[in-house]
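Peer 1: My file is upload.pdb. It has PDB, C-alpha atoms and all ligand atoms:
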ATOM      1  CA  MET F   1     -23.981   5.103 -17.112
ATOM      2  CA  THR F   2     -23.219   7.604 -14.332
ATOM      3  CA  THR F   3     -20.598  10.335 -13.931
ATOM      4  CA  ALA F   4     -19.333  11.453 -10.517
ATOM      5  CA  VAL F   5     -16.957  14.241  -9.512
ATOM      6  CA  ALA F   6     -14.689  14.211  -6.430
ATOM      7  CA  HIS F   7     -12.004  16.527  -5.069
ATOM      8  CA  PRO F   8      -8.706  15.580  -3.439
ATOM      9  CA  ASN F   9      -8.207  16.094   0.290
ATOM     10  CA  ILE F  10      -5.262  16.969   2.520
ATOM     11  CA  ALA F  11      -4.985  15.336   5.940
ATOM     12  CA  LEU F  12      -4.552  17.751   8.842
ATOM     13  CA  ALA F  13      -4.367  14.787  11.272
ATOM     14  CA  LYS F  14      -2.458  12.188   9.265
ATOM     15  CA  TYR F  15      -3.318   8.557   8.572
ATOM     16  CA  TRP F  16      -0.159   6.427   8.480
ATOM     17  CA  GLY F  17      -0.236   2.673   9.109
ATOM     18  CA  LYS F  18      -2.867  -0.021   8.661
ATOM     19  CA  ARG F  19      -4.522  -2.304  11.177
ATOM     20  CA  ALA F  20      -3.470  -5.961  10.835
ATOM     21  CA  GLY F  21      -5.764  -8.104   8.668
ATOM     22  CA  ALA F  22      -7.848  -7.518   5.566
ATOM     23  CA  GLY F  23     -10.068  -4.589   4.589
ATOM     24  CA  ASN F  24      -7.571  -1.697   4.429
ATOM     25  CA  VAL F  25      -8.450  -0.345   7.878
ATOM     26  CA  PRO F  26      -6.274   2.556   9.111
ATOM     27  CA  ALA F  27      -4.425   2.038  12.396
ATOM     28  CA  VAL F  28      -5.177   5.604  13.519
ATOM     29  CA  PRO F  29      -7.987   8.161  13.116
ATOM     30  CA  SER F  30      -7.410  10.988  10.617
ATOM     31  CA  LEU F  31      -9.017  14.318   9.742
ATOM     32  CA  SER F  32      -8.773  16.146   6.431
ATOM     33  CA  VAL F  33      -9.959  19.124   4.454
ATOM     34  CA  THR F  34     -11.504  18.484   1.048
ATOM     35  CA  LEU F  35     -10.193  20.933  -1.554
ATOM     36  CA  ALA F  36     -12.166  22.905  -4.124
ATOM     37  CA  GLY F  37     -10.881  23.737  -7.583
ATOM     38  CA  LEU F  38      -9.194  20.427  -8.413
ATOM     39  CA  SER F  39     -11.295  17.471  -9.533
ATOM     40  CA  THR F  40     -11.464  13.912 -10.730
ATOM     41  CA  ARG F  41     -14.400  13.185 -13.063
ATOM     42  CA  THR F  42     -15.231   9.493 -13.495
ATOM     43  CA  THR F  43     -17.855   7.827 -15.687
ATOM     44  CA  VAL F  44     -18.852   4.191 -15.132
ATOM     45  CA  THR F  45     -20.909   2.209 -17.650
ATOM     46  CA  PHE F  46     -22.102  -1.335 -16.947
ATOM     47  CA  GLY F  47     -23.346  -3.875 -19.485
ATOM     48  CA  GLY F  48     -20.395  -4.289 -21.829
ATOM     49  CA  ARG F  49     -18.956  -7.555 -23.161
ATOM     50  CA  GLY F  50     -15.649  -9.164 -22.236
ATOM     51  CA  GLU F  51     -13.305  -7.724 -19.611
ATOM     52  CA  ASP F  52     -13.669  -4.543 -17.586
ATOM     53  CA  VAL F  53     -11.856  -1.595 -19.163
ATOM     54  CA  ILE F  54     -10.336   1.227 -17.096
ATOM     55  CA  VAL F  55      -9.169   4.380 -18.879
ATOM     56  CA  LEU F  56      -7.225   6.981 -16.859
ATOM     57  CA  ASN F  57      -6.534  10.331 -18.487
ATOM     58  CA  GLY F  58      -7.132   8.748 -21.889
ATOM     59  CA  ILE F  59      -4.847   5.722 -21.374
ATOM     60  CA  VAL F  60      -6.204   2.165 -21.037
ATOM     61  CA  GLN F  61      -4.758   0.716 -17.816
ATOM     62  CA  PRO F  62      -3.273  -2.782 -17.517
ATOM     63  CA  ALA F  63      -5.127  -5.085 -15.101
ATOM     64  CA  GLY F  64      -2.123  -5.345 -12.770
ATOM     65  CA  ALA F  65      -1.972  -1.603 -12.193
ATOM     66  CA  THR F  66      -5.657  -1.302 -11.296
ATOM     67  CA  ALA F  67      -6.371  -4.346  -9.089
ATOM     68  CA  ARG F  68      -7.943  -2.263  -6.308
ATOM     69  CA  ALA F  69     -10.280  -0.455  -8.737
ATOM     70  CA  ARG F  70     -11.287  -3.799 -10.301
ATOM     71  CA  ALA F  71     -12.028  -5.227  -6.828
ATOM     72  CA  LEU F  72     -14.279  -2.235  -6.116
ATOM     73  CA  ILE F  73     -16.179  -2.784  -9.382
ATOM     74  CA  ASP F  74     -16.550  -6.512  -8.619
ATOM     75  CA  SER F  75     -18.081  -5.785  -5.215
ATOM     76  CA  VAL F  76     -20.571  -3.291  -6.710
ATOM     77  CA  ARG F  77     -21.518  -5.777  -9.459
ATOM     78  CA  ALA F  78     -22.123  -8.482  -6.815
ATOM     79  CA  ALA F  79     -24.177  -6.143  -4.585
ATOM     80  CA  ALA F  80     -26.357  -5.081  -7.535
ATOM     81  CA  ALA F  81     -26.562  -8.625  -8.994
ATOM     82  CA  ILE F  82     -25.758  -7.362 -12.470
ATOM     83  CA  ASP F  83     -23.838  -8.993 -15.282
ATOM     84  CA  GLY F  84     -21.667  -7.507 -17.946
ATOM     85  CA  ALA F  85     -18.359  -5.729 -18.038
ATOM     86  CA  ALA F  86     -17.745  -2.219 -16.768
ATOM     87  CA  ARG F  87     -16.103   0.613 -18.644
ATOM     88  CA  VAL F  88     -14.510   3.278 -16.425
ATOM     89  CA  GLU F  89     -13.261   6.582 -17.825
ATOM     90  CA  SER F  90     -11.551   8.883 -15.370
ATOM     91  CA  GLU F  91      -9.884  12.271 -15.870
ATOM     92  CA  ASN F  92      -8.008  14.485 -13.412
ATOM     93  CA  ASP F  93      -7.943  18.213 -14.091
ATOM     94  CA  PHE F  94      -4.760  18.469 -12.002
ATOM     95  CA  PRO F  95      -1.404  16.891 -12.941
ATOM     96  CA  THR F  96      -0.303  13.652 -11.257
ATOM     97  CA  ALA F  97       2.872  15.409 -10.093
ATOM     98  CA  SER F  98       0.917  18.275  -8.540
ATOM     99  CA  GLY F  99       1.673  17.027  -5.042
ATOM    100  CA  LEU F 100      -1.954  16.118  -4.531
ATOM    101  CA  ALA F 101      -2.949  12.476  -4.162
ATOM    102  CA  SER F 102      -5.134  11.428  -7.068
ATOM    103  CA  SER F 103      -6.011   8.126  -5.347
ATOM    104  CA  ALA F 104      -8.273   9.963  -2.867
ATOM    105  CA  SER F 105     -10.399  11.787  -5.433
ATOM    106  CA  GLY F 106     -10.060   8.850  -7.846
ATOM    107  CA  PHE F 107     -11.499   6.164  -5.566
ATOM    108  CA  ALA F 108     -14.138   8.558  -4.186
ATOM    109  CA  ALA F 109     -15.403   9.361  -7.704
ATOM    110  CA  LEU F 110     -15.182   5.697  -8.755
ATOM    111  CA  ALA F 111     -17.135   4.409  -5.738
ATOM    112  CA  LEU F 112     -19.894   6.985  -6.199
ATOM    113  CA  ALA F 113     -20.151   6.574  -9.985
ATOM    114  CA  ALA F 114     -20.073   2.745  -9.809
ATOM    115  CA  THR F 115     -22.811   2.425  -7.150
ATOM    116  CA  ARG F 116     -25.098   4.886  -8.951
ATOM    117  CA  ALA F 117     -24.428   3.359 -12.393
ATOM    118  CA  ALA F 118     -25.373  -0.033 -10.887
ATOM    119  CA  GLY F 119     -28.664   1.450  -9.660
ATOM    120  CA  LEU F 120     -27.745   1.092  -5.976
ATOM    121  CA  ASP F 121     -29.125   3.559  -3.440
ATOM    122  CA  THR F 122     -26.092   3.113  -1.149
ATOM    123  CA  SER F 123     -25.798   5.740   1.628
ATOM    124  CA  VAL F 124     -22.906   8.215   1.392
ATOM    125  CA  ALA F 125     -21.330   6.587   4.473
ATOM    126  CA  ASP F 126     -21.428   3.196   2.740
ATOM    127  CA  VAL F 127     -20.045   4.650  -0.497
ATOM    128  CA  ALA F 128     -17.207   6.068   1.635
ATOM    129  CA  ASP F 129     -16.642   2.599   3.092
ATOM    130  CA  LEU F 130     -16.371   1.169  -0.420
ATOM    131  CA  ALA F 131     -13.902   3.913  -1.397
ATOM    132  CA  ARG F 132     -11.872   3.295   1.782
ATOM    133  CA  ARG F 133     -11.270  -0.323   0.787
ATOM    134  CA  GLY F 134      -9.653   0.980  -2.391
ATOM    135  CA  SER F 135      -7.650   3.769  -0.747
ATOM    136  CA  ALA F 136      -8.286   4.814   2.836
ATOM    137  CA  SER F 137      -7.891   8.562   2.281
ATOM    138  CA  ALA F 138     -10.573   8.361  -0.458
ATOM    139  CA  ALA F 139     -13.302   7.808   2.148
ATOM    140  CA  ARG F 140     -12.747  11.392   3.312
ATOM    141  CA  SER F 141     -13.328  12.868  -0.179
ATOM    142  CA  LEU F 142     -16.983  11.736  -0.129
ATOM    143  CA  PHE F 143     -17.620  14.567   2.319
ATOM    144  CA  GLY F 144     -17.118  18.307   1.948
ATOM    145  CA  GLY F 145     -15.309  20.632   4.312
ATOM    146  CA  PHE F 146     -13.574  18.926   7.217
ATOM    147  CA  CYS F 147     -13.915  15.154   7.430
ATOM    148  CA  GLU F 148     -12.765  12.422   9.821
ATOM    149  CA  LEU F 149     -12.013   8.748   9.226
ATOM    150  CA  VAL F 150     -12.162   6.797  12.477
ATOM    151  CA  PRO F 151     -11.378   3.080  12.817
ATOM    152  CA  ASP F 152     -13.839   1.038  14.909
ATOM    153  CA  GLU F 153     -14.694  -2.642  15.533
ATOM    154  CA  ALA F 154     -16.529  -2.921  12.208
ATOM    155  CA  GLY F 155     -13.857  -1.229  10.050
ATOM    156  CA  ALA F 156     -13.646   2.539   9.748
ATOM    157  CA  ARG F 157     -16.270   5.279   9.544
ATOM    158  CA  ALA F 158     -15.952   8.522   7.574
ATOM    159  CA  ALA F 159     -18.079  11.564   8.434
ATOM    160  CA  GLN F 160     -18.092  15.323   8.104
ATOM    161  CA  VAL F 161     -16.805  17.137  11.204
ATOM    162  CA  ALA F 162     -17.462  20.714  10.058
ATOM    163  CA  PRO F 163     -18.689  22.352   6.835
ATOM    164  CA  GLU F 164     -16.543  24.194   4.264
ATOM    165  CA  GLY F 165     -17.022  27.580   5.906
ATOM    166  CA  ALA F 166     -16.033  26.470   9.419
ATOM    167  CA  LEU F 167     -12.503  27.883   9.089
ATOM    168  CA  PRO F 168     -11.053  30.542   6.735
ATOM    169  CA  LEU F 169      -8.298  28.041   5.845
ATOM    170  CA  ARG F 170      -6.227  28.080   2.670
ATOM    171  CA  VAL F 171      -3.822  25.351   1.564
ATOM    172  CA  LEU F 172      -0.816  26.552  -0.465
ATOM    173  CA  VAL F 173       0.498  23.561  -2.391
ATOM    174  CA  CYS F 174       4.203  24.208  -3.038
ATOM    175  CA  VAL F 175       5.116  21.947  -5.952
ATOM    176  CA  VAL F 176       8.842  21.133  -5.836
ATOM    177  CA  THR F 177       9.291  18.513  -8.569
ATOM    178  CA  GLU F 178       7.600  17.235 -11.739
ATOM    179  CA  ASP F 179       8.847  13.756 -10.862
ATOM    180  CA  ALA F 180       5.888  11.600  -9.769
ATOM    181  CA  LYS F 181       7.998   8.706  -8.468
ATOM    182  CA  ASP F 182       8.158   8.232  -4.685
ATOM    183  CA  VAL F 183       7.788   5.259  -2.364
ATOM    184  CA  PRO F 184       4.030   4.527  -2.641
ATOM    185  CA  SER F 185       2.289   5.312   0.639
ATOM    186  CA  SER F 186       1.075   1.740   1.218
ATOM    187  CA  VAL F 187       4.687   0.526   0.852
ATOM    188  CA  GLY F 188       6.030   3.318   3.067
ATOM    189  CA  MET F 189       3.434   2.543   5.747
ATOM    190  CA  GLU F 190       4.261  -1.139   5.782
ATOM    191  CA  GLN F 191       8.000  -0.454   5.976
ATOM    192  CA  THR F 192       7.369   1.968   8.855
ATOM    193  CA  ARG F 193       5.276  -0.639  10.717
ATOM    194  CA  ALA F 194       7.857  -3.352  10.173
ATOM    195  CA  GLU F 195      11.071  -1.401  10.760
ATOM    196  CA  SER F 196      10.567   1.887  12.608
ATOM    197  CA  PRO F 197      11.525   1.973  16.296
ATOM    198  CA  TYR F 198       9.145   4.950  16.532
ATOM    199  CA  TYR F 199       6.042   3.366  14.988
ATOM    200  CA  ALA F 200       4.626   2.561  18.439
ATOM    201  CA  ALA F 201       5.208   6.176  19.464
ATOM    202  CA  TRP F 202       3.301   7.336  16.348
ATOM    203  CA  LEU F 203       0.381   4.985  17.121
ATOM    204  CA  ASP F 204       0.349   6.417  20.647
ATOM    205  CA  ALA F 205       0.535  10.093  19.625
ATOM    206  CA  ALA F 206      -1.735  10.112  16.545
ATOM    207  CA  PRO F 207      -5.125   9.662  18.294
ATOM    208  CA  ARG F 208      -4.361  12.520  20.703
ATOM    209  CA  LEU F 209      -3.272  14.805  17.850
ATOM    210  CA  PHE F 210      -6.447  13.823  15.969
ATOM    211  CA  ALA F 211      -8.660  14.625  18.990
ATOM    212  CA  ASP F 212      -6.972  17.997  19.539
ATOM    213  CA  ILE F 213      -7.177  18.939  15.827
ATOM    214  CA  ARG F 214     -10.822  17.879  15.712
ATOM    215  CA  ALA F 215     -11.594  20.061  18.738
ATOM    216  CA  ALA F 216      -9.760  23.036  17.190
ATOM    217  CA  VAL F 217     -11.670  22.662  13.890
ATOM    218  CA  VAL F 218     -15.029  22.397  15.666
ATOM    219  CA  ALA F 219     -14.133  25.458  17.793
ATOM    220  CA  GLY F 220     -13.261  27.432  14.638
ATOM    221  CA  ASP F 221      -9.688  27.981  15.921
ATOM    222  CA  LEU F 222      -7.617  28.397  12.740
ATOM    223  CA  ALA F 223      -4.238  29.064  14.397
ATOM    224  CA  LYS F 224      -4.509  25.999  16.661
ATOM    225  CA  THR F 225      -5.688  23.802  13.782
ATOM    226  CA  CYS F 226      -2.687  24.800  11.648
ATOM    227  CA  GLU F 227      -0.168  24.467  14.484
ATOM    228  CA  LEU F 228      -1.338  20.979  15.485
ATOM    229  CA  SER F 229      -1.539  19.867  11.842
ATOM    230  CA  GLU F 230       2.152  20.667  11.410
ATOM    231  CA  ARG F 231       2.897  18.534  14.472
ATOM    232  CA  SER F 232       0.885  15.605  13.124
ATOM    233  CA  ALA F 233       2.794  15.647   9.835
ATOM    234  CA  LEU F 234       6.180  15.915  11.569
ATOM    235  CA  ALA F 235       5.344  13.039  13.942
ATOM    236  CA  MET F 236       4.240  10.882  11.000
ATOM    237  CA  HIS F 237       7.393  11.635   9.023
ATOM    238  CA  ALA F 238       9.614  11.103  12.089
ATOM    239  CA  SER F 239       8.262   7.560  12.427
ATOM    240  CA  ALA F 240       8.751   6.954   8.689
ATOM    241  CA  LEU F 241      12.271   8.458   8.651
ATOM    242  CA  ALA F 242      13.406   6.047  11.345
ATOM    243  CA  ALA F 243      12.510   3.200   8.978
ATOM    244  CA  GLY F 244      14.417   4.810   6.089
ATOM    245  CA  VAL F 245      11.227   6.053   4.407
ATOM    246  CA  VAL F 246      12.328   9.544   3.387
ATOM    247  CA  TYR F 247      10.034  11.903   1.461
ATOM    248  CA  PHE F 248      12.114  15.029   2.160
ATOM    249  CA  ARG F 249      14.343  16.582  -0.451
ATOM    250  CA  PRO F 250      16.623  19.603   0.046
ATOM    251  CA  VAL F 251      13.983  21.985  -1.323
ATOM    252  CA  THR F 252      11.397  20.487   1.054
ATOM    253  CA  LEU F 253      13.558  21.556   3.990
ATOM    254  CA  ASP F 254      14.100  24.979   2.405
ATOM    255  CA  VAL F 255      10.324  25.501   2.317
ATOM    256  CA  TYR F 256      10.047  24.384   5.945
ATOM    257  CA  ALA F 257      12.775  26.901   6.880
ATOM    258  CA  ARG F 258      10.924  29.689   5.053
ATOM    259  CA  VAL F 259       7.692  28.733   6.822
ATOM    260  CA  ARG F 260       9.395  28.991  10.215
ATOM    261  CA  ALA F 261      10.881  32.381   9.258
ATOM    262  CA  LEU F 262       7.479  33.665   8.118
ATOM    263  CA  ARG F 263       5.994  32.476  11.393
ATOM    264  CA  ALA F 264       8.717  34.222  13.385
ATOM    265  CA  ALA F 265       7.709  37.391  11.523
ATOM    266  CA  GLY F 266       4.142  37.016  12.791
ATOM    267  CA  ARG F 267       2.491  35.342   9.809
ATOM    268  CA  THR F 268       0.128  32.362   9.938
ATOM    269  CA  ALA F 269       2.164  29.640   8.204
ATOM    270  CA  PHE F 270       2.382  25.963   9.113
ATOM    271  CA  ALA F 271       3.643  23.149   6.923
ATOM    272  CA  THR F 272       2.287  19.694   6.218
ATOM    273  CA  MET F 273       3.408  17.035   3.737
ATOM    274  CA  ASP F 274       2.321  13.608   2.550
ATOM    275  CA  ALA F 275       4.013  10.707   0.784
ATOM    276  CA  GLY F 276       6.027  13.010  -1.446
ATOM    277  CA  PRO F 277       8.359  16.019  -1.243
ATOM    278  CA  HIS F 278       5.813  18.777  -1.920
ATOM    279  CA  VAL F 279       4.967  21.019   1.027
ATOM    280  CA  LYS F 280       1.423  22.194   1.730
ATOM    281  CA  VAL F 281       1.386  25.406   3.739
ATOM    282  CA  LEU F 282      -1.656  26.075   5.901
ATOM    283  CA  THR F 283      -2.656  29.709   6.313
ATOM    284  CA  SER F 284      -5.617  32.083   6.510
ATOM    285  CA  ALA F 285      -7.658  33.310   3.552
ATOM    286  CA  ASP F 286      -6.495  36.904   4.218
ATOM    287  CA  GLU F 287      -2.808  36.023   4.119
ATOM    288  CA  SER F 288      -2.892  33.432   1.335
ATOM    289  CA  GLU F 289      -2.107  35.531  -1.760
ATOM    290  CA  ALA F 290       0.897  37.337  -0.250
ATOM    291  CA  LEU F 291       2.201  34.119   1.290
ATOM    292  CA  ALA F 292       1.843  32.239  -2.004
ATOM    293  CA  ARG F 293       4.080  34.867  -3.674
ATOM    294  CA  GLU F 294       6.722  34.561  -0.941
ATOM    295  CA  LEU F 295       6.739  30.763  -1.051
ATOM    296  CA  GLY F 296       6.888  30.842  -4.843
ATOM    297  CA  ALA F 297      10.144  32.797  -4.520
ATOM    298  CA  VAL F 298      11.901  29.984  -2.606
ATOM    299  CA  PRO F 299      14.481  28.576  -5.063
ATOM    300  CA  GLY F 300      13.296  25.159  -6.276
ATOM    301  CA  VAL F 301       9.585  25.807  -5.769
ATOM    302  CA  LEU F 302       8.106  25.352  -9.246
ATOM    303  CA  ARG F 303       4.646  26.779  -8.545
ATOM    304  CA  VAL F 304       2.185  27.342  -5.730
ATOM    305  CA  LEU F 305      -1.478  26.310  -5.996
ATOM    306  CA  VAL F 306      -3.891  28.080  -3.646
ATOM    307  CA  ALA F 307      -6.759  25.796  -2.572
ATOM    308  CA  ARG F 308      -9.747  26.421  -0.341
ATOM    309  CA  PRO F 309     -12.118  24.010   1.457
ATOM    310  CA  GLY F 310     -14.498  22.420  -1.037
ATOM    311  CA  PRO F 311     -17.517  20.130  -1.413
ATOM    312  CA  GLY F 312     -17.811  16.358  -1.155
ATOM    313  CA  ALA F 313     -18.159  14.010  -4.118
ATOM    314  CA  PHE F 314     -21.334  14.458  -6.195
ATOM    315  CA  VAL F 315     -23.152  13.369  -9.330
ATOM    316  CA  PRO F 316     -23.382  16.473 -11.544
TER     317      PRO F 316
HETATM  318  C1  LIG E   1      -3.318  10.891   4.708
HETATM  319  N1  LIG E   1      -1.630   9.711   3.332
HETATM  320  O1  LIG E   1      -3.915  10.828   5.800
HETATM  321  C2  LIG E   1      -1.971  10.200   4.629
HETATM  322  C3  LIG E   1      -0.858  11.098   5.026
HETATM  323  C4  LIG E   1      -0.304  10.063   2.951
HETATM  324  C5  LIG E   1       0.295  10.709   4.145
HETATM  325  O2  LIG E   1      -3.545   8.650   3.070
HETATM  326  O3  LIG E   1      -2.832   2.476   1.085
HETATM  327  O4  LIG E   1      -3.368   6.483  -0.685
HETATM  328  O5  LIG E   1      -4.425   3.591  -0.475
HETATM  329  O6  LIG E   1      -4.991   3.319   1.966
HETATM  330  O7  LIG E   1      -4.838   6.693   1.375
HETATM  331  C6  LIG E   1      -2.002   8.276   1.416
HETATM  332  O8  LIG E   1      -2.325   6.949   1.526
HETATM  333  O9  LIG E   1      -3.187   4.845   1.231
HETATM  334  C7  LIG E   1      -2.441   8.882   2.653
HETATM  335  P1  LIG E   1      -3.915   3.477   0.938
HETATM  336  P2  LIG E   1      -3.564   6.277   0.763
HETATM  337  O10 LIG E   1      -3.766  11.537   3.737
END
Is it possible to express this structure as structure tokens?

Peer 2:
Amino acid sequence: MTTAVAHPNIALAKYWGKRAGAGNVPAVPSLSVTLAGLSTRTTVTFGGRGEDVIVLNGIVQPAGATARARALIDSVRAAAAIDGAARVESENDFPTASGLASSASGFAALALAATRAAGLDTSVADVADLARRGSASAARSLFGGFCELVPDEAGARAAQVAPEGALPLRVLVCVVTEDAKDVPSSVGMEQTRAESPYYAAWLDAAPRLFADIRAAVVAGDLAKTCELSERSALAMHASALAAGVVYFRPVTLDVYARVRALRAAGRTAFATMDAGPHVKVLTSADESEALARELGAVPGVLRVLVARPGPGAFVP
């Protein structure tokens, strides 16, 4: 039995779209910041009888809803040549409708706990590869601070780009709904690939945005990192919008308008968003508390979580 803890991450350079073929390989490189203060804690026990059991936040999950987690467990069992069923218990200390993807921290914690519970001495890079097959963004949560996920001939490689302290970045998560239902990202990506006239433009632009964001992070340039991150998110959503994949709601646009107004007034404020309507505002540590109050005053914003760069997945 082993317990592992992982934190969610927010992409600064977005991943959107998968390479053709098996293995869940992203079509573009991405770069994220792992967040402190919010965690998934997962315990894996091997050696049971009967079927594998997966319990999420206290609720036993049906097999159909957890196929990717079961595939991960099967591959660990095969690699370790062990028999017996697995029991997985996983808890998030942040709500599913928080606007933060629980699949990233969930698959990162599962991959680390499962390999260690099976007695495997898998390298962190290989644990990230296992997590990536479950959910690509999860590979980035194995590493702390700023992390990249870069597709190559063999699949995709995750690695740390810069440590937690490289930038005084804060992420203000503006939660705009308690409703967890949106088009799942894998469905939205596939619809974008199949139907968007701007998908090719996204595939063309994303690697350049990634390279420029990576350079800004490594140089410790907070303003440039935030500015380019907003562009990456807007380019991703423009390609999705053209396929009818719409994650914006009226309040989302209201937050974007407030961010532009704050910026016009000289503040560091840039917006990014994922496969849901919540807006994550990127700012500096110094400005974060005041900005969180101002964003919390936008009608329709339910609450604002302030998150800082955090550590990679670990066994406590
Ligand atoms: C990202 N997102 O880079 C992008 C930006 C959402 C928008 O990664 O299909 O759950 O499991 O590989 O990682 C969310 O997609 O997708 C995501 P799968 P995942 O963070």

Peer 1: One decimal, Å: what's the distance from atom CA of F:Ala27 over to atom CA of F:Thr66, could you say?

Peer 2: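 Atom-to-atom, atom CA of F:Ala27 and atom CA of F:Thr66 are spaced 24.0 Å apart.
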
Peer 1: Can you tell me, as a list of chain:residue names, what residues are no more than 8 Å from F:Val88 when counting all atoms listed in the file, ignoring any on the same chain fewer than 4 positions away?

Peer 2: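 The residues satisfying every condition are F:Thr42, F:Thr43, F:Val44, F:Thr45, F:Asp52, F:Val53, F:Ile54, F:Val55.
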
Peer 1: Okay, now the selection with C-alpha atoms, as a PDB file, keeping the file's coordinate frame?

Peer 2:
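Contents of out-v9.pdb, as written:
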ATOM      1  CA  THR F  42     -15.231   9.493 -13.495  1.00  0.00           C
ATOM      2  CA  THR F  43     -17.855   7.827 -15.687  1.00  0.00           C
ATOM      3  CA  VAL F  44     -18.852   4.191 -15.132  1.00  0.00           C
ATOM      4  CA  THR F  45     -20.909   2.209 -17.650  1.00  0.00           C
ATOM      5  CA  ASP F  52     -13.669  -4.543 -17.586  1.00  0.00           C
ATOM      6  CA  VAL F  53     -11.856  -1.595 -19.163  1.00  0.00           C
ATOM      7  CA  ILE F  54     -10.336   1.227 -17.096  1.00  0.00           C
ATOM      8  CA  VAL F  55      -9.169   4.380 -18.879  1.00  0.00           C
TER       9      VAL F  55
END

Peer 1: Kindly resolve the PyMOL selection byres (((chain F and resi 187) around 12) and not hetatm) on the present coordinates and return the residues as a ChimeraX atom specification.

Peer 2: /F:16-18,182-186,188-195,240,243-245,275

Peer 1: Given all atoms listed in the file as the basis, pick out the residue of F:Arg68, F:Glu51, F:Ala4, F:Thr283 nearest to F:Val173.

Peer 2: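 Smallest distance to F:Val173 is found for F:Thr283.
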
Peer 1: Box for ligand LIG 1 (chain E): with edges along x, y and z, all listed atoms inside and 4 Å added on each side, what are the centre and edge lengths in Å to one decimal, as lines of an AutoDock Vina configuration file?

Peer 2:
center_x = -2.3
center_y = 7.0
center_z = 2.6
size_x = 13.3
size_y = 17.1
size_z = 14.5

Peer 1: On this structure, which residues satisfy the PyMOL selection byres (((not hetatm)) within 8 of (chain E and resi 1)), written as a ChimeraX atom specification?

Peer 2: /F:9-16,18,24-26,30-32,101,103-104,132-138,184-187,189,233,236,273-275

Peer 1: F:Val301: which residues within 12 Å, counting only C-alpha atoms, same-chain residues fewer than 6 positions away excluded, as a PyMOL selection string?

Peer 2: chain F and resi 98-99+172-178+249-256+258+277-280+292-295

Peer 1: One decimal, Å: what's the distance from atom CA of F:Val304 over to atom CA of F:Leu282, could you say?

Peer 2: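 Separation between atom CA of F:Val304 and atom CA of F:Leu282: 12.3 Å.
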
Peer 1: Nearest residue to F:Leu209 out of F:Pro29, F:Pro168, F:Gly155, F:Ala6, using only C-alpha atoms?

Peer 2: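 Closest to F:Leu209 of all the choices is F:Pro29.
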
Peer 1: So which residues touch stretch 71-77 of chain F within 10 Å, counting only C-alpha atoms, skipping near sequence neighbours fewer than 4 positions away, as a list of chain:residue names?

Peer 2: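 What passes the distance filter is F:Val44, F:Phe46, F:Asp52, F:Thr66, F:Ala67, F:Ala81, F:Ile82, F:Asp83, F:Gly84, F:Ala85, F:Ala86, F:Arg87, F:Val88, F:Phe107, F:Leu110, F:Ala111, F:Ala114, F:Thr115, F:Arg116, F:Ala117, F:Ala118, F:Gly119, F:Leu120, F:Leu130, F:Ala131, F:Arg132, F:Arg133, F:Gly134.
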
Peer 1: Write out the residues from the selection above, keeping C-alpha atoms, as a compact mmCIF listing (two decimals), in the frame of the given file.

Peer 2:
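This is the output file again28.txt:
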# COMPACT_ATOMS: atom_id res chain seq x y z
CA VAL F 44 -18.85 4.19 -15.13
CA PHE F 46 -22.10 -1.34 -16.95
CA ASP F 52 -13.67 -4.54 -17.59
CA THR F 66 -5.66 -1.30 -11.30
CA ALA F 67 -6.37 -4.35 -9.09
CA ALA F 81 -26.56 -8.62 -8.99
CA ILE F 82 -25.76 -7.36 -12.47
CA ASP F 83 -23.84 -8.99 -15.28
CA GLY F 84 -21.67 -7.51 -17.95
CA ALA F 85 -18.36 -5.73 -18.04
CA ALA F 86 -17.74 -2.22 -16.77
CA ARG F 87 -16.10 0.61 -18.64
CA VAL F 88 -14.51 3.28 -16.42
CA PHE F 107 -11.50 6.16 -5.57
CA LEU F 110 -15.18 5.70 -8.76
CA ALA F 111 -17.14 4.41 -5.74
CA ALA F 114 -20.07 2.74 -9.81
CA THR F 115 -22.81 2.42 -7.15
CA ARG F 116 -25.10 4.89 -8.95
CA ALA F 117 -24.43 3.36 -12.39
CA ALA F 118 -25.37 -0.03 -10.89
CA GLY F 119 -28.66 1.45 -9.66
CA LEU F 120 -27.74 1.09 -5.98
CA LEU F 130 -16.37 1.17 -0.42
CA ALA F 131 -13.90 3.91 -1.40
CA ARG F 132 -11.87 3.30 1.78
CA ARG F 133 -11.27 -0.32 0.79
CA GLY F 134 -9.65 0.98 -2.39

Peer 1: Pick the closest to F:Pro95 from F:Ala156, F:Val127, F:Leu38, F:Ala22: which is it, counting all atoms listed in the file?

Peer 2: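 Counting all atoms listed in the file, the residue closest to F:Pro95 is F:Leu38.
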
Peer 1: Give the answer as one residue: which of F:Val281, F:Leu203, F:Val246, F:Val5 has the shortest atom-to-atom distance to F:Ala36, using only C-alpha atoms?

Peer 2: F:Val5

Peer 1: Would you list the contacts of F:Ala162 as a list in words, taking every protein, DNA or RNA residue within 8 Å and counting all atoms listed in the file, but skipping same-chain residues closer than 3 positions in sequence?

Peer 2: Gly145, Phe146, Cys147, Ala166, Val217 and Val218 of chain F

Peer 1: Those selected residues, please, written with C-alpha atoms and delivered as a PDB file, keeping the file's coordinate frame.

Peer 2:
ATOM      1  CA  GLY F 145     -15.309  20.632   4.312  1.00  0.00           C
ATOM      2  CA  PHE F 146     -13.574  18.926   7.217  1.00  0.00           C
ATOM      3  CA  CYS F 147     -13.915  15.154   7.430  1.00  0.00           C
ATOM      4  CA  ALA F 166     -16.033  26.470   9.419  1.00  0.00           C
ATOM      5  CA  VAL F 217     -11.670  22.662  13.890  1.00  0.00           C
ATOM      6  CA  VAL F 218     -15.029  22.397  15.666  1.00  0.00           C
TER       7      VAL F 218
END
